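Engineer: The structure file entry-v2.txt (compact mmCIF, N, CA and C atoms) is provided below.
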```txt
# COMPACT_ATOMS: atom_id res chain seq x y z
N MET A 1 4.74 15.11 -12.38
CA MET A 1 4.49 13.72 -12.07
C MET A 1 3.02 13.50 -11.71
N ILE A 2 2.63 13.86 -10.49
CA ILE A 2 1.24 13.69 -10.09
C ILE A 2 0.68 15.05 -9.71
N ASN A 3 -0.52 15.30 -10.11
CA ASN A 3 -1.19 16.57 -9.88
C ASN A 3 -1.37 16.81 -8.38
N GLU A 4 -1.02 18.02 -7.92
CA GLU A 4 -1.14 18.37 -6.49
C GLU A 4 -2.58 18.25 -6.00
N GLU A 5 -3.55 18.64 -6.82
CA GLU A 5 -4.95 18.53 -6.42
C GLU A 5 -5.33 17.08 -6.16
N LEU A 6 -4.87 16.19 -7.04
CA LEU A 6 -5.15 14.76 -6.86
C LEU A 6 -4.49 14.26 -5.59
N LEU A 7 -3.25 14.67 -5.35
CA LEU A 7 -2.52 14.24 -4.15
C LEU A 7 -3.24 14.68 -2.88
N ASN A 8 -3.91 15.82 -2.94
CA ASN A 8 -4.62 16.33 -1.77
C ASN A 8 -5.89 15.56 -1.44
N ILE A 9 -6.43 14.79 -2.40
CA ILE A 9 -7.70 14.11 -2.14
C ILE A 9 -7.58 12.58 -2.04
N ILE A 10 -6.52 12.01 -2.57
CA ILE A 10 -6.41 10.55 -2.49
C ILE A 10 -5.78 10.13 -1.17
N VAL A 11 -6.17 8.96 -0.70
CA VAL A 11 -5.65 8.42 0.56
C VAL A 11 -5.35 6.94 0.35
N CYS A 12 -4.67 6.37 1.31
CA CYS A 12 -4.40 4.93 1.29
C CYS A 12 -5.75 4.20 1.33
N PRO A 13 -5.97 3.28 0.41
CA PRO A 13 -7.26 2.57 0.38
C PRO A 13 -7.47 1.65 1.59
N GLU A 14 -6.40 1.31 2.26
CA GLU A 14 -6.50 0.40 3.41
C GLU A 14 -6.68 1.15 4.72
N THR A 15 -5.81 2.14 4.99
CA THR A 15 -5.80 2.81 6.28
C THR A 15 -6.40 4.21 6.26
N LYS A 16 -6.63 4.73 5.07
CA LYS A 16 -7.16 6.09 4.86
C LYS A 16 -6.17 7.17 5.27
N GLN A 17 -4.88 6.80 5.44
CA GLN A 17 -3.84 7.79 5.72
C GLN A 17 -3.61 8.63 4.46
N ASP A 18 -3.16 9.86 4.67
CA ASP A 18 -2.72 10.68 3.54
C ASP A 18 -1.52 10.00 2.91
N LEU A 19 -1.30 10.29 1.64
CA LEU A 19 -0.16 9.75 0.91
C LEU A 19 0.78 10.88 0.51
N VAL A 20 2.07 10.58 0.51
CA VAL A 20 3.08 11.56 0.09
C VAL A 20 3.90 10.95 -1.04
N ILE A 21 4.49 11.80 -1.84
CA ILE A 21 5.31 11.34 -2.96
C ILE A 21 6.61 10.76 -2.44
N ALA A 22 6.96 9.58 -2.94
CA ALA A 22 8.19 8.90 -2.53
C ALA A 22 9.40 9.67 -3.02
N GLU A 23 10.43 9.70 -2.19
CA GLU A 23 11.68 10.35 -2.55
C GLU A 23 12.34 9.56 -3.68
N SER A 24 13.11 10.25 -4.51
CA SER A 24 13.72 9.62 -5.69
C SER A 24 14.65 8.47 -5.32
N ASN A 25 15.34 8.55 -4.17
CA ASN A 25 16.23 7.45 -3.79
C ASN A 25 15.46 6.16 -3.50
N ILE A 26 14.24 6.28 -2.97
CA ILE A 26 13.40 5.11 -2.72
C ILE A 26 12.95 4.50 -4.04
N VAL A 27 12.52 5.35 -4.97
CA VAL A 27 12.08 4.87 -6.29
C VAL A 27 13.23 4.16 -6.99
N GLU A 28 14.43 4.74 -6.93
CA GLU A 28 15.60 4.13 -7.56
C GLU A 28 15.91 2.76 -6.95
N LYS A 29 15.84 2.66 -5.62
CA LYS A 29 16.13 1.40 -4.96
C LYS A 29 15.09 0.35 -5.35
N ILE A 30 13.82 0.72 -5.39
CA ILE A 30 12.76 -0.21 -5.78
C ILE A 30 12.97 -0.66 -7.22
N ASN A 31 13.30 0.27 -8.11
CA ASN A 31 13.52 -0.11 -9.52
C ASN A 31 14.72 -1.04 -9.67
N THR A 32 15.74 -0.86 -8.85
CA THR A 32 16.88 -1.78 -8.88
C THR A 32 16.45 -3.18 -8.46
N LEU A 33 15.65 -3.27 -7.40
CA LEU A 33 15.14 -4.56 -6.95
C LEU A 33 14.26 -5.21 -8.02
N ILE A 34 13.44 -4.41 -8.69
CA ILE A 34 12.60 -4.92 -9.77
C ILE A 34 13.48 -5.46 -10.90
N GLU A 35 14.47 -4.67 -11.29
CA GLU A 35 15.38 -5.06 -12.36
C GLU A 35 16.10 -6.37 -12.04
N ASN A 36 16.42 -6.57 -10.78
CA ASN A 36 17.13 -7.78 -10.35
C ASN A 36 16.18 -8.95 -10.06
N GLY A 37 14.87 -8.71 -10.23
CA GLY A 37 13.89 -9.76 -9.99
C GLY A 37 13.72 -10.13 -8.53
N GLU A 38 13.97 -9.16 -7.63
CA GLU A 38 13.99 -9.43 -6.20
C GLU A 38 12.83 -8.80 -5.43
N LEU A 39 11.83 -8.25 -6.10
CA LEU A 39 10.79 -7.52 -5.38
C LEU A 39 9.43 -8.19 -5.57
N LEU A 40 8.74 -8.39 -4.43
CA LEU A 40 7.38 -8.92 -4.44
C LEU A 40 6.43 -7.85 -3.93
N ASN A 41 5.21 -7.84 -4.46
CA ASN A 41 4.20 -6.93 -3.93
C ASN A 41 3.48 -7.62 -2.78
N ARG A 42 2.46 -6.97 -2.25
CA ARG A 42 1.78 -7.53 -1.07
C ARG A 42 1.05 -8.82 -1.36
N SER A 43 0.71 -9.08 -2.61
CA SER A 43 0.06 -10.35 -2.93
C SER A 43 1.09 -11.44 -3.24
N LYS A 44 2.37 -11.13 -2.94
CA LYS A 44 3.49 -12.07 -3.11
C LYS A 44 3.77 -12.40 -4.58
N GLN A 45 3.38 -11.50 -5.47
CA GLN A 45 3.68 -11.64 -6.89
C GLN A 45 4.94 -10.84 -7.20
N LYS A 46 5.79 -11.39 -8.07
CA LYS A 46 7.00 -10.68 -8.46
C LYS A 46 6.63 -9.44 -9.26
N VAL A 47 7.21 -8.31 -8.89
CA VAL A 47 6.98 -7.06 -9.62
C VAL A 47 7.97 -7.04 -10.78
N THR A 48 7.45 -6.91 -12.01
CA THR A 48 8.32 -6.98 -13.19
C THR A 48 8.39 -5.66 -13.95
N GLU A 49 7.47 -4.76 -13.67
CA GLU A 49 7.44 -3.48 -14.39
C GLU A 49 7.95 -2.36 -13.49
N LYS A 50 8.98 -1.64 -13.98
CA LYS A 50 9.53 -0.53 -13.20
C LYS A 50 8.47 0.52 -12.93
N ILE A 51 8.72 1.31 -11.89
CA ILE A 51 7.78 2.37 -11.51
C ILE A 51 8.37 3.73 -11.88
N ASP A 52 7.47 4.68 -12.13
CA ASP A 52 7.88 6.05 -12.42
C ASP A 52 7.99 6.86 -11.14
N GLY A 53 7.31 6.40 -10.11
CA GLY A 53 7.28 7.08 -8.83
C GLY A 53 6.44 6.26 -7.88
N GLY A 54 6.16 6.82 -6.72
CA GLY A 54 5.35 6.10 -5.76
C GLY A 54 4.73 7.03 -4.74
N LEU A 55 3.69 6.52 -4.10
CA LEU A 55 3.02 7.24 -3.02
C LEU A 55 3.16 6.40 -1.77
N ILE A 56 3.61 7.03 -0.70
CA ILE A 56 3.87 6.34 0.56
C ILE A 56 2.88 6.84 1.61
N GLN A 57 2.44 5.91 2.46
CA GLN A 57 1.59 6.30 3.58
C GLN A 57 2.34 7.34 4.42
N LYS A 58 1.67 8.44 4.69
CA LYS A 58 2.34 9.56 5.36
C LYS A 58 2.74 9.26 6.81
N ASP A 59 1.87 8.60 7.56
CA ASP A 59 2.12 8.42 8.99
C ASP A 59 3.06 7.27 9.30
N ASP A 60 2.76 6.08 8.81
CA ASP A 60 3.60 4.94 9.20
C ASP A 60 4.62 4.52 8.14
N ARG A 61 4.49 5.02 6.91
CA ARG A 61 5.44 4.77 5.83
C ARG A 61 5.73 3.27 5.63
N LYS A 62 4.72 2.43 5.79
CA LYS A 62 4.90 0.98 5.65
C LYS A 62 4.80 0.51 4.21
N TYR A 63 3.97 1.17 3.41
CA TYR A 63 3.72 0.69 2.04
C TYR A 63 3.83 1.81 1.02
N LEU A 64 4.26 1.41 -0.16
CA LEU A 64 4.34 2.32 -1.30
C LEU A 64 3.37 1.84 -2.36
N TYR A 65 2.58 2.75 -2.90
CA TYR A 65 1.71 2.47 -4.02
C TYR A 65 2.42 2.98 -5.27
N PRO A 66 2.64 2.11 -6.25
CA PRO A 66 3.40 2.51 -7.43
C PRO A 66 2.66 3.50 -8.31
N ILE A 67 3.44 4.31 -9.02
CA ILE A 67 2.91 5.20 -10.05
C ILE A 67 3.55 4.76 -11.37
N ARG A 68 2.69 4.49 -12.35
CA ARG A 68 3.17 4.12 -13.69
C ARG A 68 2.41 4.96 -14.71
N ASP A 69 3.14 5.54 -15.63
CA ASP A 69 2.52 6.41 -16.66
C ASP A 69 1.65 7.48 -16.03
N GLU A 70 2.13 8.06 -14.92
CA GLU A 70 1.48 9.14 -14.19
C GLU A 70 0.16 8.73 -13.54
N ILE A 71 -0.07 7.41 -13.42
CA ILE A 71 -1.31 6.91 -12.81
C ILE A 71 -0.95 6.16 -11.53
N PRO A 72 -1.46 6.65 -10.38
CA PRO A 72 -1.21 5.92 -9.13
C PRO A 72 -2.02 4.62 -9.11
N ILE A 73 -1.37 3.53 -8.74
CA ILE A 73 -2.01 2.23 -8.65
C ILE A 73 -2.38 2.01 -7.18
N LEU A 74 -3.61 2.35 -6.83
CA LEU A 74 -4.04 2.33 -5.43
C LEU A 74 -4.76 1.03 -5.09
N LEU A 75 -4.16 -0.08 -5.45
CA LEU A 75 -4.69 -1.40 -5.11
C LEU A 75 -3.83 -1.99 -4.00
N ILE A 76 -4.45 -2.44 -2.94
CA ILE A 76 -3.70 -2.95 -1.79
C ILE A 76 -2.75 -4.06 -2.21
N ASP A 77 -3.22 -5.00 -3.03
CA ASP A 77 -2.37 -6.11 -3.45
C ASP A 77 -1.17 -5.69 -4.30
N GLU A 78 -1.25 -4.52 -4.95
CA GLU A 78 -0.16 -4.02 -5.79
C GLU A 78 0.84 -3.18 -5.01
N SER A 79 0.51 -2.87 -3.76
CA SER A 79 1.42 -2.04 -2.96
C SER A 79 2.67 -2.84 -2.62
N ILE A 80 3.72 -2.10 -2.27
CA ILE A 80 5.03 -2.68 -1.99
C ILE A 80 5.40 -2.36 -0.54
N ALA A 81 5.67 -3.39 0.24
CA ALA A 81 6.09 -3.19 1.62
C ALA A 81 7.48 -2.56 1.63
N LEU A 82 7.66 -1.53 2.42
CA LEU A 82 8.95 -0.83 2.47
C LEU A 82 9.89 -1.42 3.52
N GLU A 83 9.38 -2.25 4.40
CA GLU A 83 10.25 -2.91 5.37
C GLU A 83 11.22 -3.80 4.63
N GLY A 84 12.49 -3.62 4.88
CA GLY A 84 13.51 -4.39 4.21
C GLY A 84 13.97 -3.77 2.90
N VAL A 85 13.24 -2.78 2.41
CA VAL A 85 13.62 -2.08 1.16
C VAL A 85 14.42 -0.84 1.49
N LEU A 86 14.04 -0.16 2.56
CA LEU A 86 14.69 1.11 2.92
C LEU A 86 15.95 0.90 3.70
```
In structure tokens, write the structure found in this file.

Structural biologist:
Amino acid sequence: MINEELLNIIVCPETKQDLVIAESNIVEKINTLIENGELLNRSKQKVTEKIDGGLIQKDDRKYLYPIRDEIPILLIDESIALEGVL
């Protein structure tokens, strides 16, 4: 999915926390919400494209940054709040 070396150097663009790979059950739940048209990103835009995986802030686990086509999308506005999702 994502290269371990890359995972060791990238951080949350907002808080600079380390990021960890999202568990498969979280990715599945997010994809179900996307499929049902029920998920908004931080910029309040409806997320329409399923994710292949995600990176979660390691310390507070508040936001997930989506991974699509093996590319992490590290844009604050594209992140997904996990409150209410988990």

Engineer: Rounded to one decimal, what separation in Å do you get between CA of Gly37 in chain A and atom N of Ile21 in chain A?

Structural biologist: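 CA of Gly37 in chain A sits 24.9 Å away from atom N of Ile21 in chain A.
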
Engineer: Mind checking which residues fall within 7 Å of Ile30 in chain A, counting only N, CA and C atoms, ignoring those fewer than 5 positions away in the same chain, and posting them as a ChimeraX atom specification?

Structural biologist: /A:25,35,50-51

Engineer: For each of A:Ile67, A:Lys62, A:Gly54, A:Glu4, take the minimum atom-to-atom distance to Ala22 in chain A, counting all atoms listed in the file, then give the residue where this is smallest.

Structural biologist: A:Gly54

Engineer: Name the residues of range 31-84 of chain A that fall into strand (DSSP E or B) according to DSSP on the backbone, using the chain letters and numbers of this document, as a PyMOL selection string.

Structural biologist: chain A and resi 40+46+53-57+63-68+71-72+80-81

Engineer: Hey, can you spit out that residue selection with N, CA and C atoms as a short mmCIF file (atom, residue, chain, number, x, y, z; two decimals), keeping the file's coordinate frame?

Structural biologist:
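After the write, again.cif holds the following:
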```
data_model
loop_
_atom_site.label_atom_id
_atom_site.label_comp_id
_atom_site.auth_asym_id
_atom_site.auth_seq_id
_atom_site.Cartn_x
_atom_site.Cartn_y
_atom_site.Cartn_z
N LEU A 40 8.74 -8.39 -4.43
CA LEU A 40 7.38 -8.92 -4.44
C LEU A 40 6.43 -7.85 -3.93
N LYS A 46 5.79 -11.39 -8.07
CA LYS A 46 7.00 -10.68 -8.46
C LYS A 46 6.63 -9.44 -9.26
N GLY A 53 7.31 6.40 -10.11
CA GLY A 53 7.28 7.08 -8.83
C GLY A 53 6.44 6.26 -7.88
N GLY A 54 6.16 6.82 -6.72
CA GLY A 54 5.35 6.10 -5.76
C GLY A 54 4.73 7.03 -4.74
N LEU A 55 3.69 6.52 -4.10
CA LEU A 55 3.02 7.24 -3.02
C LEU A 55 3.16 6.40 -1.77
N ILE A 56 3.61 7.03 -0.70
CA ILE A 56 3.87 6.34 0.56
C ILE A 56 2.88 6.84 1.61
N GLN A 57 2.44 5.91 2.46
CA GLN A 57 1.59 6.30 3.58
C GLN A 57 2.34 7.34 4.42
N TYR A 63 3.97 1.17 3.41
CA TYR A 63 3.72 0.69 2.04
C TYR A 63 3.83 1.81 1.02
N LEU A 64 4.26 1.41 -0.16
CA LEU A 64 4.34 2.32 -1.30
C LEU A 64 3.37 1.84 -2.36
N TYR A 65 2.58 2.75 -2.90
CA TYR A 65 1.71 2.47 -4.02
C TYR A 65 2.42 2.98 -5.27
N PRO A 66 2.64 2.11 -6.25
CA PRO A 66 3.40 2.51 -7.43
C PRO A 66 2.66 3.50 -8.31
N ILE A 67 3.44 4.31 -9.02
CA ILE A 67 2.91 5.20 -10.05
C ILE A 67 3.55 4.76 -11.37
N ARG A 68 2.69 4.49 -12.35
CA ARG A 68 3.17 4.12 -13.69
C ARG A 68 2.41 4.96 -14.71
N ILE A 71 -0.07 7.41 -13.42
CA ILE A 71 -1.31 6.91 -12.81
C ILE A 71 -0.95 6.16 -11.53
N PRO A 72 -1.46 6.65 -10.38
CA PRO A 72 -1.21 5.92 -9.13
C PRO A 72 -2.02 4.62 -9.11
N ILE A 80 3.72 -2.10 -2.27
CA ILE A 80 5.03 -2.68 -1.99
C ILE A 80 5.40 -2.36 -0.54
N ALA A 81 5.67 -3.39 0.24
CA ALA A 81 6.09 -3.19 1.62
C ALA A 81 7.48 -2.56 1.63
#
```

Engineer: What is the CA of Asp52 in chain A to CA of Asp69 in chain A distance in Å?

Structural biologist: 6.8 Å

Engineer: Residues within 8 Å of range 73-75 of chain A, please, as a PyMOL selection string. Count all atoms listed in the file; anything in the same chain fewer than 4 positions from it doesn't count.

Structural biologist: chain A and resi 11-14+54-55+64-68+79-80

Engineer: Using the selection just defined, write its residues with N, CA and C atoms as a compact mmCIF listing (two decimals), in the frame of the given file.

Structural biologist:
```
# COMPACT_ATOMS: atom_id res chain seq x y z
N VAL A 11 -6.17 8.96 -0.70
CA VAL A 11 -5.65 8.42 0.56
C VAL A 11 -5.35 6.94 0.35
N CYS A 12 -4.67 6.37 1.31
CA CYS A 12 -4.40 4.93 1.29
C CYS A 12 -5.75 4.20 1.33
N PRO A 13 -5.97 3.28 0.41
CA PRO A 13 -7.26 2.57 0.38
C PRO A 13 -7.47 1.65 1.59
N GLU A 14 -6.40 1.31 2.26
CA GLU A 14 -6.50 0.40 3.41
C GLU A 14 -6.68 1.15 4.72
N GLY A 54 6.16 6.82 -6.72
CA GLY A 54 5.35 6.10 -5.76
C GLY A 54 4.73 7.03 -4.74
N LEU A 55 3.69 6.52 -4.10
CA LEU A 55 3.02 7.24 -3.02
C LEU A 55 3.16 6.40 -1.77
N LEU A 64 4.26 1.41 -0.16
CA LEU A 64 4.34 2.32 -1.30
C LEU A 64 3.37 1.84 -2.36
N TYR A 65 2.58 2.75 -2.90
CA TYR A 65 1.71 2.47 -4.02
C TYR A 65 2.42 2.98 -5.27
N PRO A 66 2.64 2.11 -6.25
CA PRO A 66 3.40 2.51 -7.43
C PRO A 66 2.66 3.50 -8.31
N ILE A 67 3.44 4.31 -9.02
CA ILE A 67 2.91 5.20 -10.05
C ILE A 67 3.55 4.76 -11.37
N ARG A 68 2.69 4.49 -12.35
CA ARG A 68 3.17 4.12 -13.69
C ARG A 68 2.41 4.96 -14.71
N SER A 79 0.51 -2.87 -3.76
CA SER A 79 1.42 -2.04 -2.96
C SER A 79 2.67 -2.84 -2.62
N ILE A 80 3.72 -2.10 -2.27
CA ILE A 80 5.03 -2.68 -1.99
C ILE A 80 5.40 -2.36 -0.54
```

Engineer: Could you tell me how far CA of Glu5 in chain A sits from CA of Asn41 in chain A, in Å to one decimal place?

Structural biologist: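 Answer for the CA of Asn41 in chain A to CA of Glu5 in chain A separation: 27.2 Å.
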
Engineer: Just asking: which residues within chain A are helix (DSSP H, G or I) according to DSSP, as a PyMOL selection string?

Structural biologist: chain A and resi 4-9+24-35+76-78

Engineer: Counting all atoms listed in the file, which residue out of A:Gln45, A:Asn3, A:Lys58, A:Leu39 sits closest to Lys16 in chain A?

Structural biologist: A:Lys58

Engineer: For each of A:Gly53, A:Ile71, A:Ala81, A:Lys44, take the minimum atom-to-atom distance to Ser24 in chain A, counting only N, CA and C atoms, then give the residue where this is smallest.

Structural biologist: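 Among A:Gly53, A:Ile71, A:Ala81, A:Lys44, it is A:Gly53 that comes nearest to Ser24 in chain A.
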
Engineer: Using only C-alpha atoms, which of the listed residues (A:Leu33, A:Leu19, A:Ile10, A:Ile2) sits closest to Asp60 in chain A?

Structural biologist: A:Leu19
